[in-house]
>>> print(open('coords_12.cif').read())   # mmCIF, C-alpha atoms
data_entry
#
loop_
_atom_site.group_PDB
_atom_site.id
_atom_site.type_symbol
_atom_site.label_atom_id
_atom_site.label_comp_id
_atom_site.auth_asym_id
_atom_site.auth_seq_id
_atom_site.Cartn_x
_atom_site.Cartn_y
_atom_site.Cartn_z
ATOM 1 C CA MET A 184 -10.171 -19.315 11.236
ATOM 2 C CA THR A 185 -7.994 -18.960 14.332
ATOM 3 C CA THR A 186 -4.336 -19.929 14.592
ATOM 4 C CA LYS A 187 -1.714 -19.413 17.251
ATOM 5 C CA ASN A 188 -0.926 -15.854 16.200
ATOM 6 C CA PHE A 189 -3.672 -14.465 13.998
ATOM 7 C CA GLN A 190 -7.387 -14.529 13.276
ATOM 8 C CA THR A 191 -9.094 -14.157 9.906
ATOM 9 C CA GLU A 192 -12.642 -13.257 8.959
ATOM 10 C CA TYR A 193 -14.844 -12.276 6.040
ATOM 11 C CA ILE A 194 -17.074 -9.253 6.569
ATOM 12 C CA ASN A 195 -19.927 -8.163 4.322
ATOM 13 C CA ILE A 196 -19.040 -4.639 3.233
ATOM 14 C CA ASN A 197 -21.083 -2.843 0.579
ATOM 15 C CA GLY A 198 -22.381 -6.133 -0.795
ATOM 16 C CA LEU A 199 -18.996 -7.898 -0.912
ATOM 17 C CA SER A 200 -17.504 -10.495 1.411
ATOM 18 C CA GLN A 201 -14.160 -8.890 2.244
ATOM 19 C CA TYR A 202 -11.181 -10.571 3.895
ATOM 20 C CA MET A 203 -9.473 -9.319 7.045
ATOM 21 C CA LEU A 204 -6.538 -10.712 8.972
ATOM 22 C CA HIS A 205 -6.057 -9.670 12.610
ATOM 23 C CA TYR A 206 -3.163 -9.755 15.036
ATOM 24 C CA PRO A 207 -4.939 -8.751 18.261
ATOM 25 C CA LYS A 208 -3.001 -7.327 21.191
ATOM 26 C CA GLU A 209 -4.690 -7.768 24.542
ATOM 27 C CA GLY A 210 -4.924 -4.541 26.532
ATOM 28 C CA SER A 211 -4.308 -2.223 23.574
ATOM 29 C CA LYS A 212 -6.765 0.419 22.390
ATOM 30 C CA ASP A 213 -4.808 1.246 19.235
ATOM 31 C CA VAL A 214 -5.799 -0.409 15.944
ATOM 32 C CA LEU A 215 -3.308 -0.125 13.086
ATOM 33 C CA LEU A 216 -5.163 -0.661 9.793
ATOM 34 C CA MET A 217 -2.744 -1.622 7.017
ATOM 35 C CA LEU A 218 -3.736 -0.438 3.526
ATOM 36 C CA HIS A 219 -1.901 -2.399 0.866
ATOM 37 C CA GLY A 220 -0.366 -1.164 -2.337
ATOM 38 C CA GLY A 221 -0.362 -2.366 -5.892
ATOM 39 C CA PRO A 222 -3.118 -1.850 -6.628
ATOM 40 C CA GLY A 223 -3.939 -5.499 -6.095
ATOM 41 C CA ALA A 224 -0.949 -6.500 -3.946
ATOM 42 C CA PRO A 225 -2.277 -7.461 -0.483
ATOM 43 C CA ASN A 226 0.239 -7.265 2.335
ATOM 44 C CA SER A 227 -1.778 -9.780 4.352
ATOM 45 C CA TYR A 228 0.521 -12.408 2.805
ATOM 46 C CA ILE A 229 3.631 -10.919 4.403
ATOM 47 C CA SER A 230 1.961 -10.003 7.710
ATOM 48 C CA TYR A 231 3.474 -13.013 9.470
ATOM 49 C CA TYR A 232 6.954 -11.616 8.761
ATOM 50 C CA LEU A 233 6.125 -8.305 10.459
ATOM 51 C CA GLU A 234 4.231 -9.755 13.421
ATOM 52 C CA PRO A 235 7.300 -10.253 15.659
ATOM 53 C CA TYR A 236 7.987 -6.510 15.301
ATOM 54 C CA LEU A 237 4.476 -5.017 15.182
ATOM 55 C CA ASN A 238 3.344 -6.715 18.370
ATOM 56 C CA PHE A 239 2.442 -3.753 20.580
ATOM 57 C CA CYS A 240 -1.056 -2.911 19.244
ATOM 58 C CA HIS A 241 -3.877 -4.488 17.269
ATOM 59 C CA VAL A 242 -2.745 -4.841 13.641
ATOM 60 C CA VAL A 243 -5.287 -5.496 10.891
ATOM 61 C CA TYR A 244 -4.724 -6.258 7.211
ATOM 62 C CA TYR A 245 -7.540 -6.336 4.695
ATOM 63 C CA ASP A 246 -7.602 -7.284 1.032
ATOM 64 C CA GLN A 247 -9.227 -4.446 -0.911
ATOM 65 C CA ARG A 248 -12.011 -5.172 -3.395
ATOM 66 C CA GLY A 249 -10.637 -6.852 -6.505
ATOM 67 C CA SER A 250 -7.583 -8.106 -4.602
ATOM 68 C CA GLY A 251 -6.351 -11.272 -2.929
ATOM 69 C CA LYS A 252 -8.726 -13.358 -0.863
ATOM 70 C CA THR A 253 -11.513 -10.779 -1.150
ATOM 71 C CA GLN A 254 -11.559 -11.238 -4.917
ATOM 72 C CA ILE A 255 -11.241 -15.033 -4.656
ATOM 73 C CA LYS A 256 -14.281 -15.121 -2.381
ATOM 74 C CA SER A 257 -16.412 -12.365 -3.915
ATOM 75 C CA LYS A 258 -15.437 -12.237 -7.603
ATOM 76 C CA THR A 259 -16.067 -8.511 -7.859
ATOM 77 C CA LYS A 260 -17.403 -7.418 -11.224
ATOM 78 C CA LEU A 261 -15.075 -5.039 -13.026
ATOM 79 C CA LYS A 262 -17.749 -2.321 -13.169
ATOM 80 C CA HIS A 263 -17.893 -2.390 -9.357
ATOM 81 C CA HIS A 264 -14.123 -2.040 -8.993
ATOM 82 C CA THR A 265 -14.092 1.729 -8.495
ATOM 83 C CA TRP A 266 -12.189 4.281 -6.437
ATOM 84 C CA LYS A 267 -15.390 5.667 -4.935
ATOM 85 C CA LEU A 268 -16.457 2.231 -3.688
ATOM 86 C CA MET A 269 -12.991 1.530 -2.277
ATOM 87 C CA ILE A 270 -13.208 4.683 -0.157
ATOM 88 C CA GLU A 271 -16.671 3.660 1.057
ATOM 89 C CA ASP A 272 -15.349 0.155 1.787
ATOM 90 C CA LEU A 273 -12.621 1.689 3.921
ATOM 91 C CA ARG A 274 -15.161 3.719 5.876
ATOM 92 C CA GLU A 275 -17.175 0.608 6.713
ATOM 93 C CA THR A 276 -13.978 -1.288 7.547
ATOM 94 C CA VAL A 277 -12.944 1.419 10.022
ATOM 95 C CA ARG A 278 -16.379 1.355 11.622
ATOM 96 C CA HIS A 279 -16.292 -2.439 11.891
ATOM 97 C CA LEU A 280 -12.937 -2.277 13.679
ATOM 98 C CA LYS A 281 -14.191 0.346 16.117
ATOM 99 C CA ARG A 282 -17.029 -1.960 17.095
ATOM 100 C CA LYS A 283 -14.875 -5.079 17.184
ATOM 101 C CA TYR A 284 -12.157 -3.605 19.385
ATOM 102 C CA LYS A 285 -14.403 -1.185 21.312
ATOM 103 C CA THR A 286 -12.181 1.789 20.538
ATOM 104 C CA ASP A 287 -12.141 4.907 18.393
ATOM 105 C CA ARG A 288 -8.350 4.805 18.054
ATOM 106 C CA VAL A 289 -8.032 3.519 14.478
ATOM 107 C CA ILE A 290 -4.871 4.620 12.662
ATOM 108 C CA LEU A 291 -4.503 4.219 8.892
ATOM 109 C CA CYS A 292 -1.160 2.861 7.693
ATOM 110 C CA GLY A 293 -1.010 3.035 3.894
ATOM 111 C CA HIS A 294 1.737 1.727 1.641
ATOM 112 C CA SER A 295 2.190 3.090 -1.901
ATOM 113 C CA PHE A 296 -1.228 2.795 -3.575
ATOM 114 C CA GLY A 297 -2.570 2.412 -0.024
ATOM 115 C CA SER A 298 -1.136 5.848 0.827
ATOM 116 C CA MET A 299 -3.271 7.238 -2.008
ATOM 117 C CA LEU A 300 -6.340 5.511 -0.615
ATOM 118 C CA GLY A 301 -5.592 6.813 2.866
ATOM 119 C CA ALA A 302 -5.057 10.418 1.744
ATOM 120 C CA SER A 303 -8.244 10.435 -0.354
ATOM 121 C CA PHE A 304 -10.146 8.925 2.581
ATOM 122 C CA LEU A 305 -8.917 11.748 4.835
ATOM 123 C CA GLU A 306 -10.208 14.324 2.362
ATOM 124 C CA LYS A 307 -13.724 12.918 2.746
ATOM 125 C CA TYR A 308 -13.890 11.301 6.196
ATOM 126 C CA PRO A 309 -11.198 12.781 8.494
ATOM 127 C CA GLU A 310 -13.424 12.345 11.540
ATOM 128 C CA GLU A 311 -13.405 8.552 11.197
ATOM 129 C CA VAL A 312 -9.766 7.926 12.178
ATOM 130 C CA LEU A 313 -7.287 9.038 14.808
ATOM 131 C CA ALA A 314 -4.264 9.539 12.549
ATOM 132 C CA SER A 315 -2.590 8.574 9.289
ATOM 133 C CA ILE A 316 0.754 6.894 8.655
ATOM 134 C CA ALA A 317 2.116 6.448 5.130
ATOM 135 C CA TYR A 318 5.207 4.813 3.641
ATOM 136 C CA GLY A 319 6.325 4.399 0.044
ATOM 137 C CA VAL A 320 4.204 7.532 -0.304
ATOM 138 C CA VAL A 321 2.576 8.542 -3.590
ATOM 139 C CA THR A 322 2.139 12.319 -3.842
ATOM 140 C CA ASP A 323 2.657 13.598 -7.403
ATOM 141 C CA VAL A 324 2.594 10.644 -9.818
ATOM 142 C CA ASN A 325 3.986 12.593 -12.767
ATOM 143 C CA ALA A 326 7.078 13.749 -10.869
ATOM 144 C CA GLN A 327 7.631 10.477 -9.011
ATOM 145 C CA ASP A 328 7.142 8.242 -12.048
ATOM 146 C CA GLN A 329 9.467 10.414 -14.103
ATOM 147 C CA HIS A 330 12.140 9.848 -11.466
ATOM 148 C CA PHE A 331 11.341 6.120 -11.283
ATOM 149 C CA TYR A 332 11.445 5.666 -15.049
ATOM 150 C CA THR A 333 14.726 7.574 -15.427
ATOM 151 C CA THR A 334 16.558 5.709 -12.667
ATOM 152 C CA LEU A 335 15.210 2.282 -13.654
ATOM 153 C CA LYS A 336 15.985 2.861 -17.328
ATOM 154 C CA SER A 337 19.565 3.781 -16.492
ATOM 155 C CA ASN A 338 19.924 0.665 -14.344
ATOM 156 C CA VAL A 339 18.440 -1.697 -16.940
ATOM 157 C CA LEU A 340 20.533 -0.280 -19.800
ATOM 158 C CA LYS A 341 23.671 -0.565 -17.665
ATOM 159 C CA ASN A 342 23.097 -3.986 -16.127
ATOM 160 C CA GLY A 343 20.191 -5.607 -17.937
ATOM 161 C CA SER A 344 19.803 -8.523 -20.279
ATOM 162 C CA LYS A 345 18.872 -8.033 -23.920
ATOM 163 C CA LYS A 346 15.432 -9.427 -23.081
ATOM 164 C CA ASP A 347 14.895 -6.839 -20.334
ATOM 165 C CA ILE A 348 16.194 -4.000 -22.477
ATOM 166 C CA LYS A 349 13.769 -5.059 -25.198
ATOM 167 C CA LYS A 350 10.942 -5.057 -22.658
ATOM 168 C CA LEU A 351 11.995 -1.615 -21.404
ATOM 169 C CA ASN A 352 11.914 -0.294 -24.973
ATOM 170 C CA THR A 353 8.194 -1.114 -25.185
ATOM 171 C CA VAL A 354 7.589 1.756 -22.756
ATOM 172 C CA ASN A 355 6.803 5.044 -24.471
ATOM 173 C CA PRO A 356 9.971 7.179 -24.004
ATOM 174 C CA SER A 357 7.740 10.122 -23.052
ATOM 175 C CA PHE A 358 6.469 8.200 -20.008
ATOM 176 C CA PRO A 359 4.751 9.294 -17.788
ATOM 177 C CA SER A 360 3.558 12.194 -19.947
ATOM 178 C CA VAL A 361 1.473 9.917 -22.162
ATOM 179 C CA ASN A 362 -2.173 8.952 -22.592
ATOM 180 C CA ARG A 363 -3.926 6.628 -20.153
ATOM 181 C CA GLU A 364 -3.423 3.494 -22.205
ATOM 182 C CA GLU A 365 0.315 4.107 -22.618
ATOM 183 C CA PHE A 366 0.602 5.060 -18.948
ATOM 184 C CA THR A 367 -1.029 1.834 -17.759
ATOM 185 C CA LYS A 368 1.151 -0.221 -20.100
ATOM 186 C CA GLY A 369 4.272 1.592 -18.891
ATOM 187 C CA VAL A 370 3.482 1.115 -15.201
ATOM 188 C CA ASN A 371 2.898 -2.602 -15.719
ATOM 189 C CA VAL A 372 6.185 -3.095 -17.614
ATOM 190 C CA LEU A 373 8.241 -1.037 -15.162
ATOM 191 C CA SER A 374 6.665 -2.836 -12.204
ATOM 192 C CA GLU A 375 7.835 -6.159 -13.662
ATOM 193 C CA LEU A 376 11.361 -4.892 -14.261
ATOM 194 C CA GLN A 377 11.825 -3.329 -10.839
ATOM 195 C CA LEU A 378 11.724 -6.807 -9.275
ATOM 196 C CA LYS A 379 15.146 -7.463 -10.815
ATOM 197 C CA TYR A 380 16.920 -4.146 -10.523
ATOM 198 C CA GLY A 381 17.533 -3.126 -6.954
ATOM 199 C CA TYR A 382 14.201 -1.869 -5.672
ATOM 200 C CA TYR A 383 13.999 -4.503 -2.932
ATOM 201 C CA TYR A 384 16.618 -4.705 -0.206
ATOM 202 C CA ASN A 385 15.608 -8.215 0.878
ATOM 203 C CA ASP A 386 14.252 -11.333 -0.790
ATOM 204 C CA TYR A 387 10.627 -10.178 -0.823
ATOM 205 C CA MET A 388 9.392 -13.098 -2.908
ATOM 206 C CA ALA A 389 10.918 -15.596 -0.472
ATOM 207 C CA ILE A 390 9.019 -13.877 2.357
ATOM 208 C CA PHE A 391 5.841 -13.933 0.288
ATOM 209 C CA LYS A 392 6.119 -17.604 -0.672
ATOM 210 C CA LYS A 393 6.498 -18.711 2.952
ATOM 211 C CA SER A 394 3.234 -17.053 3.964
ATOM 212 C CA PRO A 395 1.034 -19.316 6.119
ATOM 213 C CA ILE A 396 -2.079 -18.025 4.335
ATOM 214 C CA LEU A 397 -0.811 -18.534 0.786
ATOM 215 C CA GLY A 398 -2.589 -21.217 -1.224
ATOM 216 C CA PHE A 399 -2.950 -22.351 -4.821
ATOM 217 C CA LYS A 400 -5.943 -20.078 -5.456
ATOM 218 C CA ASP A 401 -3.919 -17.103 -4.245
ATOM 219 C CA PHE A 402 -1.241 -17.764 -6.867
ATOM 220 C CA LEU A 403 -3.929 -17.961 -9.548
ATOM 221 C CA GLN A 404 -5.530 -14.705 -8.430
ATOM 222 C CA PHE A 405 -2.520 -12.485 -9.116
ATOM 223 C CA PRO A 406 -2.447 -12.832 -12.922
ATOM 224 C CA LYS A 407 -6.257 -12.886 -13.025
ATOM 225 C CA GLY A 408 -6.326 -9.578 -11.159
ATOM 226 C CA ALA A 409 -4.266 -7.749 -13.785
ATOM 227 C CA LYS A 410 -7.312 -6.247 -15.507
ATOM 228 C CA TYR A 411 -8.637 -4.980 -12.167
ATOM 229 C CA ASP A 412 -5.299 -3.443 -11.286
ATOM 230 C CA SER A 413 -4.987 -1.866 -14.731
ATOM 231 C CA LYS A 414 -8.408 -0.257 -14.381
ATOM 232 C CA LEU A 415 -7.365 1.505 -11.170
ATOM 233 C CA ILE A 416 -4.010 2.511 -12.638
ATOM 234 C CA ALA A 417 -5.798 4.089 -15.586
ATOM 235 C CA GLU A 418 -8.580 5.733 -13.604
ATOM 236 C CA VAL A 419 -6.863 6.694 -10.346
ATOM 237 C CA GLU A 420 -3.094 6.590 -10.560
ATOM 238 C CA TYR A 421 -2.959 8.294 -13.958
ATOM 239 C CA GLN A 422 -2.083 11.948 -13.248
ATOM 240 C CA TYR A 423 -2.795 11.479 -9.517
ATOM 241 C CA ASP A 424 -1.586 14.480 -7.542
ATOM 242 C CA ILE A 425 -2.372 15.074 -3.871
ATOM 243 C CA THR A 426 -0.150 18.148 -3.510
ATOM 244 C CA HIS A 427 -3.168 20.477 -3.546
ATOM 245 C CA MET A 428 -4.180 19.022 -0.171
ATOM 246 C CA THR A 429 -1.985 20.794 2.367
ATOM 247 C CA THR A 430 -4.331 20.944 5.368
ATOM 248 C CA TYR A 431 -5.132 17.770 7.316
ATOM 249 C CA GLN A 432 -7.567 17.447 10.199
ATOM 250 C CA VAL A 433 -5.675 14.577 11.857
ATOM 251 C CA PRO A 434 -2.010 13.880 12.705
ATOM 252 C CA VAL A 435 0.043 12.795 9.679
ATOM 253 C CA PHE A 436 3.247 10.756 9.707
ATOM 254 C CA TYR A 437 5.564 9.588 6.914
ATOM 255 C CA ILE A 438 8.055 6.729 7.137
ATOM 256 C CA LEU A 439 10.392 7.012 4.157
ATOM 257 C CA GLY A 440 13.107 4.710 2.877
ATOM 258 C CA GLU A 441 16.210 6.696 2.004
ATOM 259 C CA LYS A 442 16.725 4.552 -1.113
ATOM 260 C CA ASP A 443 13.150 4.654 -2.420
ATOM 261 C CA ASP A 444 13.460 5.662 -6.065
ATOM 262 C CA TRP A 445 10.108 4.096 -6.949
ATOM 263 C CA THR A 446 7.921 6.683 -5.223
ATOM 264 C CA SER A 447 10.808 9.055 -4.686
ATOM 265 C CA SER A 448 11.200 9.829 -0.994
ATOM 266 C CA VAL A 449 12.826 13.147 -1.884
ATOM 267 C CA ILE A 450 9.697 14.225 -3.777
ATOM 268 C CA ALA A 451 7.441 12.882 -1.000
ATOM 269 C CA LYS A 452 9.348 14.934 1.584
ATOM 270 C CA LYS A 453 8.935 18.116 -0.460
ATOM 271 C CA TYR A 454 5.190 17.640 -0.247
ATOM 272 C CA PHE A 455 5.318 16.666 3.429
ATOM 273 C CA ASP A 456 7.051 19.964 4.220
ATOM 274 C CA THR A 457 3.977 21.843 2.899
ATOM 275 C CA ILE A 458 1.488 19.951 5.101
ATOM 276 C CA ASN A 459 -0.333 21.593 7.989
ATOM 277 C CA ALA A 460 -1.668 19.082 10.530
ATOM 278 C CA PRO A 461 -2.385 18.946 14.290
ATOM 279 C CA VAL A 462 0.782 16.846 14.601
ATOM 280 C CA LYS A 463 3.175 15.724 11.883
ATOM 281 C CA ASP A 464 6.495 13.927 11.827
ATOM 282 C CA LEU A 465 8.741 12.256 9.277
ATOM 283 C CA TYR A 466 10.989 9.246 9.833
ATOM 284 C CA TRP A 467 13.912 8.388 7.537
ATOM 285 C CA ILE A 468 14.921 4.716 7.393
ATOM 286 C CA SER A 469 18.380 3.993 6.015
ATOM 287 C CA ASN A 470 19.128 0.979 3.796
ATOM 288 C CA ALA A 471 15.465 0.797 2.853
ATOM 289 C CA GLY A 472 13.639 1.378 -0.392
ATOM 290 C CA HIS A 473 9.983 1.359 -1.370
ATOM 291 C CA PHE A 474 9.201 -1.642 0.872
ATOM 292 C CA VAL A 475 10.562 -0.095 4.037
ATOM 293 C CA ASP A 476 8.488 -2.418 6.256
ATOM 294 C CA THR A 477 10.138 -5.637 5.050
ATOM 295 C CA ASP A 478 13.468 -3.977 4.200
ATOM 296 C CA GLN A 479 13.976 -2.795 7.791
ATOM 297 C CA PRO A 480 11.158 -4.224 9.954
ATOM 298 C CA GLN A 481 12.790 -3.334 13.270
ATOM 299 C CA GLU A 482 13.274 0.340 12.382
ATOM 300 C CA PHE A 483 9.833 0.472 10.776
ATOM 301 C CA SER A 484 8.140 -0.882 13.907
ATOM 302 C CA GLU A 485 10.122 1.448 16.173
ATOM 303 C CA ALA A 486 8.912 4.410 14.128
ATOM 304 C CA ILE A 487 5.302 3.285 14.507
ATOM 305 C CA LYS A 488 5.738 2.729 18.232
ATOM 306 C CA ASP A 489 7.070 6.268 18.549
ATOM 307 C CA ILE A 490 4.148 7.604 16.506
ATOM 308 C CA LEU A 491 1.652 5.966 18.861
ATOM 309 C CA THR A 492 3.249 7.797 21.793
ATOM 310 C CA GLN A 493 2.684 11.100 19.946
ATOM 311 C CA ILE A 494 -1.037 10.546 19.433
#
>>> encode(input="coords_12.cif", output="structure tokens")
Amino acid sequence: MTTKNFQTEYININGLSQYMLHYPKEGSKDVLLMLHGGPGAPNSYISYYLEPYLNFCHVVYYDQRGSGKTQIKSKTKLKHHTWKLMIEDLRETVRHLKRKYKTDRVILCGHSFGSMLGASFLEKYPEEVLASIAYGVVTDVNAQDQHFYTTLKSNVLKNGSKKDIKKLNTVNPSFPSVNREEFTKGVNVLSELQLKYGYYYNDYMAIFKKSPILGFKDFLQFPKGAKYDSKLIAEVEYQYDITHMTTYQVPVFYILGEKDDWTSSVIAKKYFDTINAPVKDLYWISNAGHFVDTDQPQEFSEAIKDILTQI
């Protein structure tokens, strides 16, 4: 499908028909590959909102296996929804983009869970990409989720309804130092509550609902995808810790929202300070939280433009 501003396609990757959305930029050799968070929360739906800002290079969004339009089309079996396959999917996606745009300048841009995918990809296949950008960065889940739980709990108890306080109380008070089942349950409950209690600095859902690619099947997919998301939370996010990886083979850049208490920017910076990379830089965005791209799209895009000049 081709529209005025973007192109979409389905590509067969590792036996699955996977969805990609492109904003091509004529004359550019840089391809920014956006890796969405969640897991299971494609940012292809909000791409239209960022397009007026990220209009200086090729920008590509793709719905990871088990998510969004890829899952609607392919109906991935739960047993095939694995971290290992997601990393291999990303490798084939990068290679497809190199062929499509006739360039080797592919830059990963991972948000939240996507930052985890990007970092793990760089451990295995650093030669495949030019550089890595991350925002809403996950580094040490135990430390970051402890901060998230503490700040959210304080906010809900201070400002919340009885219904929300009751929901909060279903989370094991020892979270995140709990077993996998309790961890997954806690993440799901806290993720629901954060929508109400100050973790977005714009009306994210209004942006999402106006998406030109959003249809009825997309709305149905989100609740259906819960079991897929929960599997990855239990198997990957549980006790995830990338802080052992301090040497990178490619340039690494962080864009951090000063008000991100979800994946604490303060904790992410502590890890960033330990990194050795050919080039590295960190950008602080004020009045932005976990969703720094939609919170402050102008500042976010300016940071990326500056990064491209460095590489």
>>> closest_residue(input="coords_12.cif", among="A:Gln481, A:Gln422, A:Asn238, A:Thr446", to="Asn325 in chain A", atoms="only C-alpha atoms")
A:Gln422
>>> atom_distance(input="coords_12.cif", atom1="CA of Gln254 in chain A", atom2="CA of Ile196 in chain A")
12.9 Å
>>> residues_near_point(input="coords_12.cif", point="(-3.0, 14.3, -11.3)", cutoff="12 Å", atoms="only C-alpha atoms", output="PyMOL selection string")
chain A and resi 299+321-328+359-360+363+416-427
>>> write_last_selection(input="coords_12.cif", atoms="C-alpha atoms", output="PDB file, keeping the file's coordinate frame")
ATOM      1  CA  MET A 299      -3.271   7.238  -2.008  1.00  0.00           C
ATOM      2  CA  VAL A 321       2.576   8.542  -3.590  1.00  0.00           C
ATOM      3  CA  THR A 322       2.139  12.319  -3.842  1.00  0.00           C
ATOM      4  CA  ASP A 323       2.657  13.598  -7.403  1.00  0.00           C
ATOM      5  CA  VAL A 324       2.594  10.644  -9.818  1.00  0.00           C
ATOM      6  CA  ASN A 325       3.986  12.593 -12.767  1.00  0.00           C
ATOM      7  CA  ALA A 326       7.078  13.749 -10.869  1.00  0.00           C
ATOM      8  CA  GLN A 327       7.631  10.477  -9.011  1.00  0.00           C
ATOM      9  CA  ASP A 328       7.142   8.242 -12.048  1.00  0.00           C
ATOM     10  CA  PRO A 359       4.751   9.294 -17.788  1.00  0.00           C
ATOM     11  CA  SER A 360       3.558  12.194 -19.947  1.00  0.00           C
ATOM     12  CA  ARG A 363      -3.926   6.628 -20.153  1.00  0.00           C
ATOM     13  CA  ILE A 416      -4.010   2.511 -12.638  1.00  0.00           C
ATOM     14  CA  ALA A 417      -5.798   4.089 -15.586  1.00  0.00           C
ATOM     15  CA  GLU A 418      -8.580   5.733 -13.604  1.00  0.00           C
ATOM     16  CA  VAL A 419      -6.863   6.694 -10.346  1.00  0.00           C
ATOM     17  CA  GLU A 420      -3.094   6.590 -10.560  1.00  0.00           C
ATOM     18  CA  TYR A 421      -2.959   8.294 -13.958  1.00  0.00           C
ATOM     19  CA  GLN A 422      -2.083  11.948 -13.248  1.00  0.00           C
ATOM     20  CA  TYR A 423      -2.795  11.479  -9.517  1.00  0.00           C
ATOM     21  CA  ASP A 424      -1.586  14.480  -7.542  1.00  0.00           C
ATOM     22  CA  ILE A 425      -2.372  15.074  -3.871  1.00  0.00           C
ATOM     23  CA  THR A 426      -0.150  18.148  -3.510  1.00  0.00           C
ATOM     24  CA  HIS A 427      -3.168  20.477  -3.546  1.00  0.00           C
TER      25      HIS A 427
END
>>> atom_distance(input="coords_12.cif", atom1="CA of Val242 in chain A", atom2="CA of Lys208 in chain A")
8.0 Å
>>> atom_distance(input="coords_12.cif", atom1="CA of Lys307 in chain A", atom2="CA of Gly251 in chain A")
25.9 Å
>>> resolve_selection(input="coords_12.cif", expression="the PyMOL selection byres ((chain A and resi 338-350) around 12)", output="NGL selection string")
:A and (331-337 or 351-355 or 368-369 or 371-382 or 444)
>>> resolve_selection(input="coords_12.cif", expression="the PyMOL selection byres ((chain A and resi 390) around 10)", output="PyMOL selection string")
chain A and resi 228-232+385-389+391-394+477
>>> closest_residue(input="coords_12.cif", among="A:Lys260, A:Lys452, A:His330, A:Lys285", to="Tyr411 in chain A", atoms="all atoms listed in the file")
A:Lys260
>>> closest_residue(input="coords_12.cif", among="A:Cys240, A:Ile194, A:Ala224, A:Leu273", to="Glu209 in chain A", atoms="only C-alpha atoms")
A:Cys240
>>> residues_near_point(input="coords_12.cif", point="(-1.9, 17.4, 16.3)", cutoff="9 Å", atoms="all atoms listed in the file", output="list in words")
Gln432, Val433, Pro434, Val435, Ala460, Pro461, Val462, Lys463, Gln493 and Ile494 of chain A
>>> residues_around(input="coords_12.cif", residues="Glu192 in chain A", least_positions_apart="2", cutoff="8 Å", atoms="all atoms listed in the file", output="list in words")
Met184, Gln190, Ile194, Tyr202, Met203 and Leu204 of chain A
>>> closest_residue(input="coords_12.cif", among="A:Asp464, A:Asp272, A:Asp401, A:Glu306", to="Ile490 in chain A", atoms="all atoms listed in the file")
A:Asp464
>>> residues_around(input="coords_12.cif", residues="Gln404 in chain A", least_positions_apart="2", cutoff="8 Å", atoms="only C-alpha atoms", output="JSON, numbers by chain")
{"A": [250, 251, 254, 255, 400, 401, 402, 406, 407, 408]}
>>> closest_residue(input="coords_12.cif", among="A:Ser200, A:Asn226, A:Ser357, A:Asn470", to="Glu482 in chain A", atoms="all atoms listed in the file")
A:Asn470
